[in-house]
Amino acid sequence: MNLSVEIGGLRLKNPVLTASGTFGYGEEYAEFVDLSALGAIVTKGLSLTPRKGNPPPRIVETPAGMLNAIGLQNIGVERFIEEKLPFLKQFDVPVIANFFGDSIDEFVGAAERLSRAAGIAGLEMNISCPNKQAGWLVFGTDPRVTFEVVSAVRKVTDLPLIVKLSPNVTDIALMARAAEDAGADAVSLINTVTGMAIDIKTRRPKLANITGGLSGPAIRPIGVRMVWEVFRAVGVPVIGSGGIMNGEDAIEYMLAGASAVAVGTANFVTPTATTDIIAGIRDYMTANGIRDISSIKGGLLWQREDL
Amino acid sequence: MSRFFQAEVTGNILLSQTHNILRITPLKPHPSPSPGQFYLLRVSETMDPLLRRPLSILRWDESSLEFLIRLKGRGTLLLRNMPPGGCIDLLGPLGNGYPSAGDGETPILVAGGVGIASVYPLIGRLGTDSILFYGAASSGDLCLLDDIRAVTSNLYLSTDDGSMGSRGNAVERLAAFLDETSVPKPVVYACGPEGMTSALLRMLRERGIPGYVSLEERMACGVGACLGCVVETSGGYRRVCKEGPVFKARELGF
């Protein structure tokens with residue numbers, strides 16, 4: 001049985017990654033999960049300088065999901081490289097550093113610094129955080145700006161470059177093509193869906209940030225649909241995410257076109273979610289006589305008349 | 001021994017219309033908690049409600065763990081209705097717990113409402129020396145009084161409606177006690193609703209009394225990964241699930 005997949009030149013032993021922001025810097029889950037068993041670890045989003053994040057309350061539960069507005073709190077690339085990366089290097093698992101900036105220069109600066117550090121196998125660019133100011137959102141919502149920022153990062157790194165896309169756009173395939181045209185080796189989607197919840201007794205927003213990003217099983221159909229749209233629009237591999245809770249959900253994303261999947265909110269519900277999902281994928285392969293997981297990629301059966 | 005384990009529900013005692021005690025028996029050896037720590041309980045096998053619920057450890061022995069639950073929303077309703085014989089999974093013990101008092105210090109316990117669940121294990125630690133100020137909205141919200149009285153007679157009750165103990169809150173009762181009693185090196189251990197906590201912190205600051213306060217915040221992962229449960233402290237944002245839930249009173253400025 002072959003679970004290995006290739007993402008933009010990175011060979012992963014299986015198609016299960018952690019979604020950025022849901023697995024800390026890896027160490028938080030090491031007591032529950034054999035990190036070496038994972039396809040890859042995608043770190044918490046990193047910036048050139050540390051970020052304090054948003055005021056609390058930062059999260060609220062919603063039907064079959066949750067809203068978060070953490071605000072990209074992180075220790076910065078330098079401290080990550082000094083304090084967190086050595087721990088991760090002990091494991092036989094590719095580390096993909098997720099990063100962001102508040103300007104093209106900051107994106108470039110973070111990518112440069114991370115590319116010089118030994119032990120980072122790939123980069124994932126976050127151009128799609130919903131909890132940022134309006135001016136920032138153009139990175140992930142205006143295809144010309146997406147092209148510009150991805151092109152700038154592409155010039156300074158030889159590492160496999162993944163671009164994480166926002167679902168908060170009219171045409172995600174257009175955004176994926178802009179990233180691909182700018183030199184991205186893969187795209188990952190979806191980031192969280194912008195949402196809001198109100199306490200009707202106090203008439204106050206339930207999040208201090210007012211709006212937040214919706215994740216969990218509630219958004220899975222949105223993610224599956226968008227992966228299917230992007231898969232047909234680009235040639236680079238697609239990493240699918242959004243509400244994957246078990247092996248079946250991962251298979252659903254792969255049938256829609258995902259080469260690999262990222263597990264996020266499920267980690268909060270079940271700390272062993274990632275390895276449980278790998279086992280679930282194996283079970284599906286055994287039950288359906290599938291020898292190579294890549295053979296089901298985009299295996300959705302449909303006819304042109306269905307459109 | 002894993003902190004993520006399955007357990008059987010072996011008891012569910014309804015104390016009142018709003019409170020119950022859930023007793024669970026882990027199916028495998030599990031790490032022992034210390035006072036002030038908490039667990040995340042899965043309340044449903046379905047995806048809705050999605051997140052685990054954080055609950056302070058009330059009592060434990062080698063074979064079982066007990067949680068005091070106040071009915072608040074869908075999650076606590078599911079925990080109230082959980083039948084014995086059922087299976088539940090837990091993550092814990094989590095967080096730091098209450099430190100021990102120093103030499104010559106007099107620990108004073110303060111609980112508001114269901115905050116008694118967090119403070120209760122300290123009564124076991126301190127025994128007959130325990131001094132507890134325990135307040136709630138009404139007499140029906142005061143739990144475990146017989147169990148507390150079996151250990152200590154230094155119990156000062158208060159209710160907002162005056163239906164039991166003195167009328168008012170536990171912080172006012174404590175302030176009056178400190179005015180009329182000479183206590184050597186008092187150190188306060190407290191858990192209660194936000195209003196009680198902020199009044200207590202103000203009082204401790206005014207009187208220069210040290211203390212430890214257990215805080216509550218909405219929480220997802222419980223292991224320090226999601227950064228969802230942070231509170232503002234003098235040292236910046238700190239995670240309730242990891243650096244807390246117990247914080248030094250002087251780190252908290254409300």
# chains A, B, ... in the order shown; residues from 1 in each chain; ligands from 1
>>> interface_residues(of="chain A", to="chain B", cutoff="8 Å", atoms="only C-alpha atoms", output="ChimeraX atom specification")
/A:21-25,28-29,31-32,52,55-66,68,70,73,217,267-269,271
>>> select_by_dssp(residues="region 83-151 of chain B", states="strand (DSSP E or B)", output="list of chain:residue names")
B:Cys87, B:Ile88, B:Asp89, B:Leu90, B:Leu91, B:Gly92, B:Pro93, B:Leu94, B:Thr106, B:Pro107, B:Ile108, B:Leu109, B:Val110, B:Ala111, B:Gly112, B:Leu132, B:Phe133, B:Tyr134, B:Gly135, B:Ala136
>>> residues_around(residues="region 164-169 of chain A", least_positions_apart="6", cutoff="10 Å", atoms="only C-alpha atoms", output="ChimeraX atom specification")
/A:20,98,124-130,137,139-142,146,175-176,179,186-194,222-223,226,238-240
>>> residues_around(residues="region 114-121 of chain B", least_positions_apart="6", cutoff="7 Å", atoms="only C-alpha atoms", output="MDAnalysis selection string")
chainID B and resid 35:36 56:59 68 70 190:192
